[in-house]
Amino acid sequence: MKVLMFGWEFPPNNLGGLGTACYGLTKALSKKGISITFVLPKSASAHSHLNIITTTDLYIGNIKMKMKYVNSLLLPYITDKDYEKMYKGLLFGNSLSGELYGKNLFEEVNKYAEKAAIIAKFEEFDLIHCHDWMTFRAGIKAKEVSGKPLIVHVHATDFDRTGGNPNQAVYDIEKEGMRAADKIIAVSNYTKDMIIKHYGISPNKVEVVHNAVEQEVNIRKDSKIEHQDKIVLFLGRLTLQKGPDYFIEAAHRVLQILPNTKFIIAGSGEMYRRMVDRAAELGMGKNMLFTGHLTGEDIDRAYQMADLYVMPSVSEPFGITPLESLKNNTPVLISKQSGVSEVLKNALKVDFWDIDEMTNKIVSVLSYSPLKKSLIENGQRELEKITWDNAADKCINIYSKLRKAK
Amino acid sequence: MKSVCFYFQVHQPYRLKKYRIFDIGKSHDYFDDALNNKIMEKVAKKCYLPTNNLILQIINESGGKFKAAYSITGTALEQFEKFVPAVIDSFIELGKTGNVEFLSETYYHSLSFLYSKAEFINQVSLHKQKILELFQQNPNIFRNTELIYNNELAHFVERLGYKGILGEGADHVLGWRSPNFVYKSKSTDNMKLLLKNYKLSDDIAFRFSNKGWEEWPLSAEKFASWLDSAEGENINLFMDYETFGEHQWEDTGIFNFMRQLPKELTKRNLVFKTPSELIEKQHIAELDIHNPVSWADLERDLSAWLGNKMQKSAIQMLYDLEQEVKKTNDNRLLEDWRKMQTSDHFYYMCTKWFSDGDVHKYFNPYDTPYDSYMSFMNILNDIAFRVKRIKNKDLPNNVVISETPSLLANTL
């Protein structure tokens, strides 16, 4: 079976969980014999401007995937304001840019869709599978050109990303994609409910395929980084969605009980300044460390240093980071408003807004080592069952049904 | 003549409140009265009252032939008195028939035998007093919490004056032997051991309403015929009293089954015996049971309460506080500490089946074993705080949270 897939980020150039999820899923699908052409937007360097589409083969172990890069300014998690800033910057440097790229984010999404149509015309495939809103119009175009079934995979909605106040234009594109799709895949029941409630989609059209975690990476039992003071970690983009503000308020309460605790905030984003200011205002300067955006090994090191990882997301469609934390021997406290809490039982859970309970649980983990050890041991045992293989099997099942229906 | 011995366990713990870190040093109310009240009323209505009524009828209609034994924990008795006194009255009624025997156990349904012999003796004697007070009986048969049993226990309670003890007839202790005889405990003078026939007991307690079971539906007639054809001299049917109306709901037909069963057994010339009557029999063999057995889960060992790190650390800290709590002579504190010993608290912390999401769910007030452990440990820290406060009234109000007895000792 051949699948034409549209994404917007892929490791190692990823900022968020979407890239990690696309990597895990496509790898498992390829292993099971699904042949994937993965299309990604990529802002080209100055001298390759006119080269609209480039193709490379990606090898992961003995698996081969075809990657197609489309020259585009679409960046993961970009906002319309950021886009305009970037576009204007480009105009100064190069007059051609005006024709190549859309004037605003939504025009660019449409341009990307036009390019997708070209790919769809020349590629051979049985199904279209696209990931999140920026690619939905591309998916719709590809469907129009080819007449092949379309799956839209919802990793997040704009309700999640904005903490409940979606951008109307983004919302419209999301809804358009969901309507045009033959099947919708949601990363959790939490997200499925969101799709039904906010986008008026029939429950029958939505299948849940939970994300998973890479199994091959060995759990590094001895990799704990020893230290004196207890460390609590936040790791994620500093945006409303991820709830860093709740983390800071809880940290403040924890310090009243355990004054030597250290807090690490790893990540960057629009709330960075505000968070630094708030920490200072609460007099937590020496207990709170801001690392900025971390990549690669540094992420693992951050997990390994921590005694507890907290994911206080306001709205988290899935949330792979708690699974990665457990892999690094660190127990997790997660928001109940998350998809991952549907698959991970051996985690502490709170409502994101319940600062008291968050504090209670953080202090408990830091004070009672058998709690910490049990959460790690049982959580790791549970991880073994949360595999991309399972997720891929569910996708293949959906693919087969769609093909039969045709 | 072959006999049948019914023993019913009646127990309710004091369930804990959600007790948080900030409560330490500030609130000394640990128990969820509202929840406990609600559960007591519910179970009284569904099980205790109707079943007591049924057993009384059966005794009266049998012309005194039907007999049964009960073990009722102190925590259950106290909560009956507090929330549903009619249940106490109905047990007193049953006692007055002369056909009901009350057994001894630890007042707080605790695991104290494994951790503190002194506390175990205290609790057994508290329970004995309570039974004497309410029912004017002085028990000479002992049953330990969750039917936990080994040689050492038999030896120990013999010295406390008991003549018989109950245990689980687990395959791994019986081997080829049958539970349907009276045994003697190893290394005792003459301690009689009565073992539960778990297959037949569980047919009623667990399988009765299971439609997937090949014997479903189980009629009194069929069950009586099984007992009739069973080998041995006496069949011990030991079970939770909540089987009637609570584990098996009324609409499963459990009450009708129990109403018919004594008649069907009498028809087949089986007679009813209490544990005290059984121990008059000559034992068939001596049983050597070194490792503790219990009636819980498939393992029938201690792993339901003491199988993981959280359970072990929690119970260790609890008993490490014993001396300090007792030295204070503060009755309310002592009572609170004792209520924390009820085995249910450790059962809620069990992670054996948590990932698969069943068992251990019954009446469990917690979402996860972790939540139960946190509340428990926070309360122990408050108990430690109260001890310190009593020893030193000028102690500042700040709280030291600790998990280990050694750290605790430093702060005490």
# chains A, B, ... in the order shown; residues from 1 in each chain; ligands from 1
>>> closest_atom_pairs(of="region 241-335 of chain A", to="region 189-202 of chain A", cutoff="9 Å", atoms="only C-alpha atoms", output="JSON lines")
{"residue": "A:Glu316", "atom": "CA", "partner": "A:Thr191", "partner_atom": "CA", "distance": 8.4}
{"residue": "A:Pro317", "atom": "CA", "partner": "A:Thr191", "partner_atom": "CA", "distance": 5.3}
{"residue": "A:Phe318", "atom": "CA", "partner": "A:Thr191", "partner_atom": "CA", "distance": 8.0}
>>> interface_residues(of="chain B", to="chain A", cutoff="12 Å", atoms="only C-alpha atoms", output="mmCIF file with N, CA and C atoms, in the first residue's frame")
data_model
loop_
_atom_site.group_PDB
_atom_site.id
_atom_site.type_symbol
_atom_site.label_atom_id
_atom_site.label_comp_id
_atom_site.auth_asym_id
_atom_site.auth_seq_id
_atom_site.Cartn_x
_atom_site.Cartn_y
_atom_site.Cartn_z
ATOM 1 N N LYS B 18 -9.131 12.381 52.003
ATOM 2 C CA LYS B 18 -7.995 12.805 51.204
ATOM 3 C C LYS B 18 -7.239 13.791 52.086
ATOM 4 N N TYR B 19 -6.071 13.397 52.522
ATOM 5 C CA TYR B 19 -5.333 14.190 53.503
ATOM 6 C C TYR B 19 -4.042 14.665 52.849
ATOM 7 N N ARG B 20 -3.898 16.000 52.723
ATOM 8 C CA ARG B 20 -2.807 16.519 51.921
ATOM 9 C C ARG B 20 -1.657 17.061 52.761
ATOM 10 N N ILE B 21 -0.567 17.307 52.061
ATOM 11 C CA ILE B 21 0.651 17.832 52.673
ATOM 12 C C ILE B 21 0.365 19.020 53.602
ATOM 13 N N PHE B 22 -0.506 19.923 53.132
ATOM 14 C CA PHE B 22 -0.767 21.143 53.934
ATOM 15 C C PHE B 22 -1.557 20.847 55.197
ATOM 16 N N ASP B 23 -2.185 19.684 55.233
ATOM 17 C CA ASP B 23 -2.982 19.355 56.414
ATOM 18 C C ASP B 23 -2.098 18.939 57.594
ATOM 19 N N ILE B 24 -0.874 18.518 57.284
ATOM 20 C CA ILE B 24 0.019 18.036 58.339
ATOM 21 C C ILE B 24 0.271 19.155 59.342
ATOM 22 N N GLY B 307 3.121 -6.333 49.359
ATOM 23 C CA GLY B 307 3.844 -6.799 48.183
ATOM 24 C C GLY B 307 4.723 -5.743 47.540
ATOM 25 N N ASN B 308 4.475 -4.461 47.785
ATOM 26 C CA ASN B 308 5.290 -3.458 47.087
ATOM 27 C C ASN B 308 5.980 -2.503 48.055
ATOM 28 N N LYS B 309 6.836 -1.676 47.497
ATOM 29 C CA LYS B 309 7.674 -0.776 48.294
ATOM 30 C C LYS B 309 6.852 0.208 49.118
ATOM 31 N N MET B 310 5.765 0.706 48.517
ATOM 32 C CA MET B 310 4.959 1.704 49.231
ATOM 33 C C MET B 310 4.323 1.066 50.459
ATOM 34 N N GLN B 311 3.770 -0.131 50.261
ATOM 35 C CA GLN B 311 3.116 -0.819 51.375
ATOM 36 C C GLN B 311 4.122 -1.106 52.489
ATOM 37 N N LYS B 312 5.295 -1.586 52.100
ATOM 38 C CA LYS B 312 6.290 -1.931 53.114
ATOM 39 C C LYS B 312 6.767 -0.705 53.873
ATOM 40 N N SER B 313 6.995 0.382 53.148
ATOM 41 C CA SER B 313 7.504 1.572 53.832
ATOM 42 C C SER B 313 6.415 2.160 54.734
ATOM 43 N N ALA B 314 5.174 2.115 54.266
ATOM 44 C CA ALA B 314 4.083 2.700 55.055
ATOM 45 C C ALA B 314 3.887 1.920 56.353
ATOM 46 N N MET B 317 6.836 2.434 58.845
ATOM 47 C CA MET B 317 6.784 3.727 59.531
ATOM 48 C C MET B 317 5.681 3.716 60.591
ATOM 49 N N MET B 349 -3.231 0.206 48.533
ATOM 50 C CA MET B 349 -1.940 0.585 47.936
ATOM 51 C C MET B 349 -1.396 -0.485 47.009
ATOM 52 N N CYS B 350 -2.150 -1.566 46.853
ATOM 53 C CA CYS B 350 -1.660 -2.685 46.050
ATOM 54 C C CYS B 350 -1.588 -2.305 44.578
ATOM 55 N N THR B 351 -0.458 -2.598 43.943
ATOM 56 C CA THR B 351 -0.298 -2.277 42.522
ATOM 57 C C THR B 351 -0.307 -3.534 41.648
ATOM 58 N N LYS B 352 -0.540 -4.687 42.282
ATOM 59 C CA LYS B 352 -0.465 -5.947 41.537
ATOM 60 C C LYS B 352 -1.295 -5.934 40.260
ATOM 61 N N TRP B 353 -2.515 -5.493 40.401
ATOM 62 C CA TRP B 353 -3.428 -5.574 39.258
ATOM 63 C C TRP B 353 -3.784 -4.207 38.722
ATOM 64 N N PHE B 354 -3.124 -3.167 39.223
ATOM 65 C CA PHE B 354 -3.558 -1.816 38.920
ATOM 66 C C PHE B 354 -3.520 -1.524 37.420
ATOM 67 N N SER B 355 -2.452 -1.949 36.765
ATOM 68 C CA SER B 355 -2.331 -1.641 35.344
ATOM 69 C C SER B 355 -3.429 -2.330 34.534
ATOM 70 N N ASP B 356 -3.867 -3.481 35.010
ATOM 71 C CA ASP B 356 -4.933 -4.167 34.292
ATOM 72 C C ASP B 356 -6.296 -3.653 34.725
ATOM 73 N N GLY B 357 -6.284 -2.889 35.798
ATOM 74 C CA GLY B 357 -7.484 -2.165 36.178
ATOM 75 C C GLY B 357 -8.602 -2.949 36.834
ATOM 76 N N ASP B 367 -8.579 6.642 43.546
ATOM 77 C CA ASP B 367 -8.431 6.429 42.108
ATOM 78 C C ASP B 367 -7.234 5.532 41.826
ATOM 79 N N THR B 368 -6.172 5.733 42.587
ATOM 80 C CA THR B 368 -4.949 4.976 42.330
ATOM 81 C C THR B 368 -4.299 4.568 43.648
ATOM 82 N N PRO B 369 -3.447 3.539 43.613
ATOM 83 C CA PRO B 369 -2.716 3.137 44.819
ATOM 84 C C PRO B 369 -1.819 4.272 45.316
ATOM 85 N N TYR B 370 -1.376 5.122 44.387
ATOM 86 C CA TYR B 370 -0.488 6.220 44.772
ATOM 87 C C TYR B 370 -1.219 7.236 45.642
ATOM 88 N N ASP B 371 -2.469 7.521 45.272
ATOM 89 C CA ASP B 371 -3.258 8.466 46.070
ATOM 90 C C ASP B 371 -3.440 7.936 47.486
ATOM 91 N N SER B 372 -3.669 6.643 47.590
ATOM 92 C CA SER B 372 -3.896 6.066 48.904
ATOM 93 C C SER B 372 -2.618 6.132 49.745
ATOM 94 N N TYR B 373 -1.488 5.884 49.104
ATOM 95 C CA TYR B 373 -0.212 5.951 49.820
ATOM 96 C C TYR B 373 0.083 7.372 50.308
ATOM 97 N N MET B 374 -0.188 8.354 49.469
ATOM 98 C CA MET B 374 0.116 9.746 49.846
ATOM 99 C C MET B 374 -0.699 10.181 51.066
ATOM 100 N N SER B 375 -2.005 9.919 51.038
ATOM 101 C CA SER B 375 -2.830 10.302 52.188
ATOM 102 C C SER B 375 -2.341 9.601 53.447
ATOM 103 N N PHE B 376 -2.035 8.323 53.316
ATOM 104 C CA PHE B 376 -1.588 7.538 54.466
ATOM 105 C C PHE B 376 -0.299 8.107 55.054
ATOM 106 N N MET B 377 0.665 8.369 54.192
ATOM 107 C CA MET B 377 1.958 8.877 54.679
ATOM 108 C C MET B 377 1.815 10.275 55.272
ATOM 109 N N ASN B 378 0.986 11.096 54.664
ATOM 110 C CA ASN B 378 0.779 12.432 55.217
ATOM 111 C C ASN B 378 0.194 12.343 56.618
ATOM 112 N N LEU B 380 0.527 9.815 58.727
ATOM 113 C CA LEU B 380 1.573 9.355 59.656
ATOM 114 C C LEU B 380 2.487 10.511 60.055
ATOM 115 N N ASN B 381 2.754 11.394 59.106
ATOM 116 C CA ASN B 381 3.573 12.557 59.443
ATOM 117 C C ASN B 381 2.865 13.475 60.434
ATOM 118 N N ASN B 398 6.249 24.513 62.356
ATOM 119 C CA ASN B 398 6.662 24.016 61.043
ATOM 120 C C ASN B 398 6.790 22.501 61.051
ATOM 121 N N VAL B 399 6.635 21.948 59.906
ATOM 122 C CA VAL B 399 6.472 20.508 59.796
ATOM 123 C C VAL B 399 7.659 19.919 59.046
ATOM 124 N N VAL B 400 8.157 18.808 59.543
ATOM 125 C CA VAL B 400 9.200 18.094 58.809
ATOM 126 C C VAL B 400 8.552 16.860 58.201
ATOM 127 N N ILE B 401 8.598 16.758 56.881
ATOM 128 C CA ILE B 401 7.963 15.601 56.237
ATOM 129 C C ILE B 401 9.022 14.540 55.992
ATOM 130 N N SER B 402 8.673 13.312 56.357
ATOM 131 C CA SER B 402 9.684 12.274 56.287
ATOM 132 C C SER B 402 9.047 10.951 55.928
ATOM 133 N N GLU B 403 9.843 10.058 55.356
ATOM 134 C CA GLU B 403 9.308 8.759 54.974
ATOM 135 C C GLU B 403 9.930 7.650 55.785
ATOM 136 N N THR B 404 11.061 7.922 56.401
ATOM 137 C CA THR B 404 11.799 6.827 57.017
ATOM 138 C C THR B 404 11.808 6.975 58.523
ATOM 139 N N PRO B 405 11.697 5.854 59.220
ATOM 140 C CA PRO B 405 11.693 5.879 60.655
ATOM 141 C C PRO B 405 12.964 6.502 61.216
ATOM 142 N N LEU B 407 14.871 8.911 60.000
ATOM 143 C CA LEU B 407 14.766 10.362 59.936
ATOM 144 C C LEU B 407 13.773 10.865 60.966
#
>>> residues_around(residues="Ile140 (chain A)", least_positions_apart="3", cutoff="9 Å", atoms="only C-alpha atoms", output="short mmCIF file (atom, residue, chain, number, x, y, z; two decimals) with N, CA and C atoms, in the first residue's frame")
data_model
loop_
_atom_site.label_atom_id
_atom_site.label_comp_id
_atom_site.auth_asym_id
_atom_site.auth_seq_id
_atom_site.Cartn_x
_atom_site.Cartn_y
_atom_site.Cartn_z
N ALA A 113 -0.64 24.15 -0.72
CA ALA A 113 -1.64 23.24 -1.26
C ALA A 113 -1.51 23.11 -2.78
N ALA A 117 -0.74 19.73 -4.98
CA ALA A 117 -1.50 19.24 -6.12
C ALA A 117 -0.57 18.73 -7.21
N ILE A 128 -4.28 9.33 1.03
CA ILE A 128 -3.63 10.56 1.50
C ILE A 128 -3.83 10.64 3.01
N THR A 135 -1.50 21.37 6.84
CA THR A 135 -1.43 20.47 5.68
C THR A 135 -2.81 20.07 5.16
N PHE A 136 -3.86 20.50 5.86
CA PHE A 136 -5.19 20.02 5.48
C PHE A 136 -5.58 20.44 4.06
N ARG A 137 -5.28 21.70 3.70
CA ARG A 137 -5.64 22.14 2.34
C ARG A 137 -4.84 21.38 1.30
N LYS A 143 -6.55 15.23 -2.81
CA LYS A 143 -7.72 14.38 -3.00
C LYS A 143 -8.47 14.78 -4.28
N GLU A 144 -8.60 16.08 -4.50
CA GLU A 144 -9.30 16.56 -5.70
C GLU A 144 -8.61 16.07 -6.97
N VAL A 145 -7.29 16.18 -6.96
CA VAL A 145 -6.52 15.81 -8.15
C VAL A 145 -6.56 14.30 -8.41
N LEU A 150 -8.99 10.46 1.73
CA LEU A 150 -8.19 11.38 2.55
C LEU A 150 -8.41 11.09 4.04
N GLU A 176 -12.71 22.53 7.62
CA GLU A 176 -12.76 22.19 6.21
C GLU A 176 -12.09 20.84 5.97
N GLY A 177 -10.93 20.66 6.60
CA GLY A 177 -10.19 19.40 6.46
C GLY A 177 -10.97 18.22 7.03
N ALA A 180 -13.83 17.39 4.70
CA ALA A 180 -13.43 16.79 3.42
C ALA A 180 -12.87 15.38 3.60
N ALA A 181 -12.42 15.09 4.83
CA ALA A 181 -11.75 13.81 5.07
C ALA A 181 -12.74 12.65 4.97
#
>>> residues_around(residues="Trp388 (chain A)", least_positions_apart="6", cutoff="8 Å", atoms="only C-alpha atoms", output="PDB file with N, CA and C atoms, in the first residue's frame")
ATOM      1  N   GLY A  24       7.773   8.359  14.662  1.00  0.00           N
ATOM      2  CA  GLY A  24       7.463   7.052  15.239  1.00  0.00           C
ATOM      3  C   GLY A  24       6.451   6.284  14.402  1.00  0.00           C
ATOM      4  N   LEU A  25       5.446   6.983  13.973  1.00  0.00           N
ATOM      5  CA  LEU A  25       4.365   6.333  13.228  1.00  0.00           C
ATOM      6  C   LEU A  25       4.826   5.885  11.833  1.00  0.00           C
ATOM      7  N   ALA A  28       7.149   2.874  11.985  1.00  0.00           N
ATOM      8  CA  ALA A  28       6.449   1.613  12.254  1.00  0.00           C
ATOM      9  C   ALA A  28       5.624   1.182  11.044  1.00  0.00           C
ATOM     10  N   ASN A 211      -0.883   7.934  20.505  1.00  0.00           N
ATOM     11  CA  ASN A 211       0.545   7.982  20.222  1.00  0.00           C
ATOM     12  C   ASN A 211       1.279   6.974  21.093  1.00  0.00           C
ATOM     13  N   ALA A 212       2.565   6.857  20.871  1.00  0.00           N
ATOM     14  CA  ALA A 212       3.340   5.852  21.603  1.00  0.00           C
ATOM     15  C   ALA A 212       4.742   6.380  21.845  1.00  0.00           C
ATOM     16  N   VAL A 213       5.631   5.475  22.194  1.00  0.00           N
ATOM     17  CA  VAL A 213       6.989   5.896  22.492  1.00  0.00           C
ATOM     18  C   VAL A 213       7.943   4.894  21.848  1.00  0.00           C
ATOM     19  N   GLU A 214       9.077   5.387  21.374  1.00  0.00           N
ATOM     20  CA  GLU A 214      10.083   4.520  20.756  1.00  0.00           C
ATOM     21  C   GLU A 214      10.555   3.478  21.752  1.00  0.00           C
TER      22      GLU A 214
END
>>> select_by_dssp(residues="region 239-346 of chain A", states="strand (DSSP E)", output="list in words")
Lys262, Phe263, Ile264, Ile265, Ala266, Met288, Leu289, Phe290, Thr291, Gly292, Leu308, Tyr309, Val310, Met311, Val332, Leu333, Ile334 and Ser335 of chain A
>>> residues_around(residues="Asp158 (chain A)", least_positions_apart="6", cutoff="8 Å", atoms="only C-alpha atoms", output="list in words")
Gly164, Asn165, Pro166, Asn167, Val170 and Tyr171 of chain A
>>> residues_around(residues="region 29-33 of chain A", least_positions_apart="6", cutoff="9 Å", atoms="only C-alpha atoms", output="VMD selection string")
chain A and resid 1 62 to 65 388 to 389 391 to 393 395 to 396
>>> write_last_selection(atoms="N, CA and C atoms", output="PDB file, in the first residue's frame")
ATOM      1  N   MET A   1       0.838  -1.195   0.000  1.00  0.00           N
ATOM      2  CA  MET A   1       0.000   0.000   0.000  1.00  0.00           C
ATOM      3  C   MET A   1       0.875   1.248   0.000  1.00  0.00           C
ATOM      4  N   ASN A  62      17.041  -0.293   8.247  1.00  0.00           N
ATOM      5  CA  ASN A  62      16.872  -0.854   6.902  1.00  0.00           C
ATOM      6  C   ASN A  62      15.546  -0.432   6.272  1.00  0.00           C
ATOM      7  N   ILE A  63      15.005   0.655   6.800  1.00  0.00           N
ATOM      8  CA  ILE A  63      13.742   1.154   6.260  1.00  0.00           C
ATOM      9  C   ILE A  63      14.031   2.369   5.395  1.00  0.00           C
ATOM     10  N   LYS A  64      13.333   2.413   4.236  1.00  0.00           N
ATOM     11  CA  LYS A  64      13.521   3.566   3.369  1.00  0.00           C
ATOM     12  C   LYS A  64      12.212   4.331   3.247  1.00  0.00           C
ATOM     13  N   MET A  65      12.309   5.655   3.351  1.00  0.00           N
ATOM     14  CA  MET A  65      11.121   6.472   3.159  1.00  0.00           C
ATOM     15  C   MET A  65      11.465   7.570   2.163  1.00  0.00           C
ATOM     16  N   TRP A 388       4.544   2.052  18.978  1.00  0.00           N
ATOM     17  CA  TRP A 388       4.165   2.560  17.653  1.00  0.00           C
ATOM     18  C   TRP A 388       3.670   1.434  16.761  1.00  0.00           C
ATOM     19  N   ASP A 389       4.120   0.226  17.060  1.00  0.00           N
ATOM     20  CA  ASP A 389       3.621  -0.934  16.310  1.00  0.00           C
ATOM     21  C   ASP A 389       2.109  -1.045  16.434  1.00  0.00           C
ATOM     22  N   ALA A 391       0.071   1.397  17.227  1.00  0.00           N
ATOM     23  CA  ALA A 391      -0.526   2.548  16.551  1.00  0.00           C
ATOM     24  C   ALA A 391      -0.556   2.309  15.041  1.00  0.00           C
ATOM     25  N   ALA A 392       0.542   1.766  14.508  1.00  0.00           N
ATOM     26  CA  ALA A 392       0.614   1.515  13.063  1.00  0.00           C
ATOM     27  C   ALA A 392      -0.433   0.477  12.648  1.00  0.00           C
ATOM     28  N   ASP A 393      -0.604  -0.559  13.482  1.00  0.00           N
ATOM     29  CA  ASP A 393      -1.614  -1.577  13.161  1.00  0.00           C
ATOM     30  C   ASP A 393      -3.004  -0.959  13.044  1.00  0.00           C
ATOM     31  N   CYS A 395      -3.676   2.146  12.270  1.00  0.00           N
ATOM     32  CA  CYS A 395      -3.726   2.953  11.046  1.00  0.00           C
ATOM     33  C   CYS A 395      -3.932   2.062   9.834  1.00  0.00           C
ATOM     34  N   ILE A 396      -3.200   0.961   9.780  1.00  0.00           N
ATOM     35  CA  ILE A 396      -3.300   0.064   8.621  1.00  0.00           C
ATOM     36  C   ILE A 396      -4.721  -0.481   8.501  1.00  0.00           C
TER      37      ILE A 396
END
>>> closest_residue(among="A:Leu15, A:Thr20, A:Ile355, A:Ser146", to="Val254 (chain A)", atoms="only C-alpha atoms")
A:Ile355
>>> residues_around(residues="Pro179 (chain B)", least_positions_apart="2", cutoff="6 Å", atoms="only C-alpha atoms", output="list in words")
Gly169, Phe181, Leu195 and Asn197 of chain B
>>> atom_distance(atom1="CA of Asp89 (chain B)", atom2="CA of Ala44 (chain B)")
12.2 Å
>>> atom_distance(atom1="CA of Lys68 (chain A)", atom2="CA of Lys115 (chain A)")
11.0 Å
>>> select_by_dssp(residues="region 175-393 of chain A", states="alpha helix (DSSP H)", output="ChimeraX atom specification")
/A:175-180,189-199,244-257,272-281,297-305,321-327,340-343,355-367,369-383,388-393
>>> closest_residue(among="B:Gln129, B:Gln341, B:Thr106, B:Asn60", to="Thr145 (chain B)", atoms="only C-alpha atoms")
B:Thr106
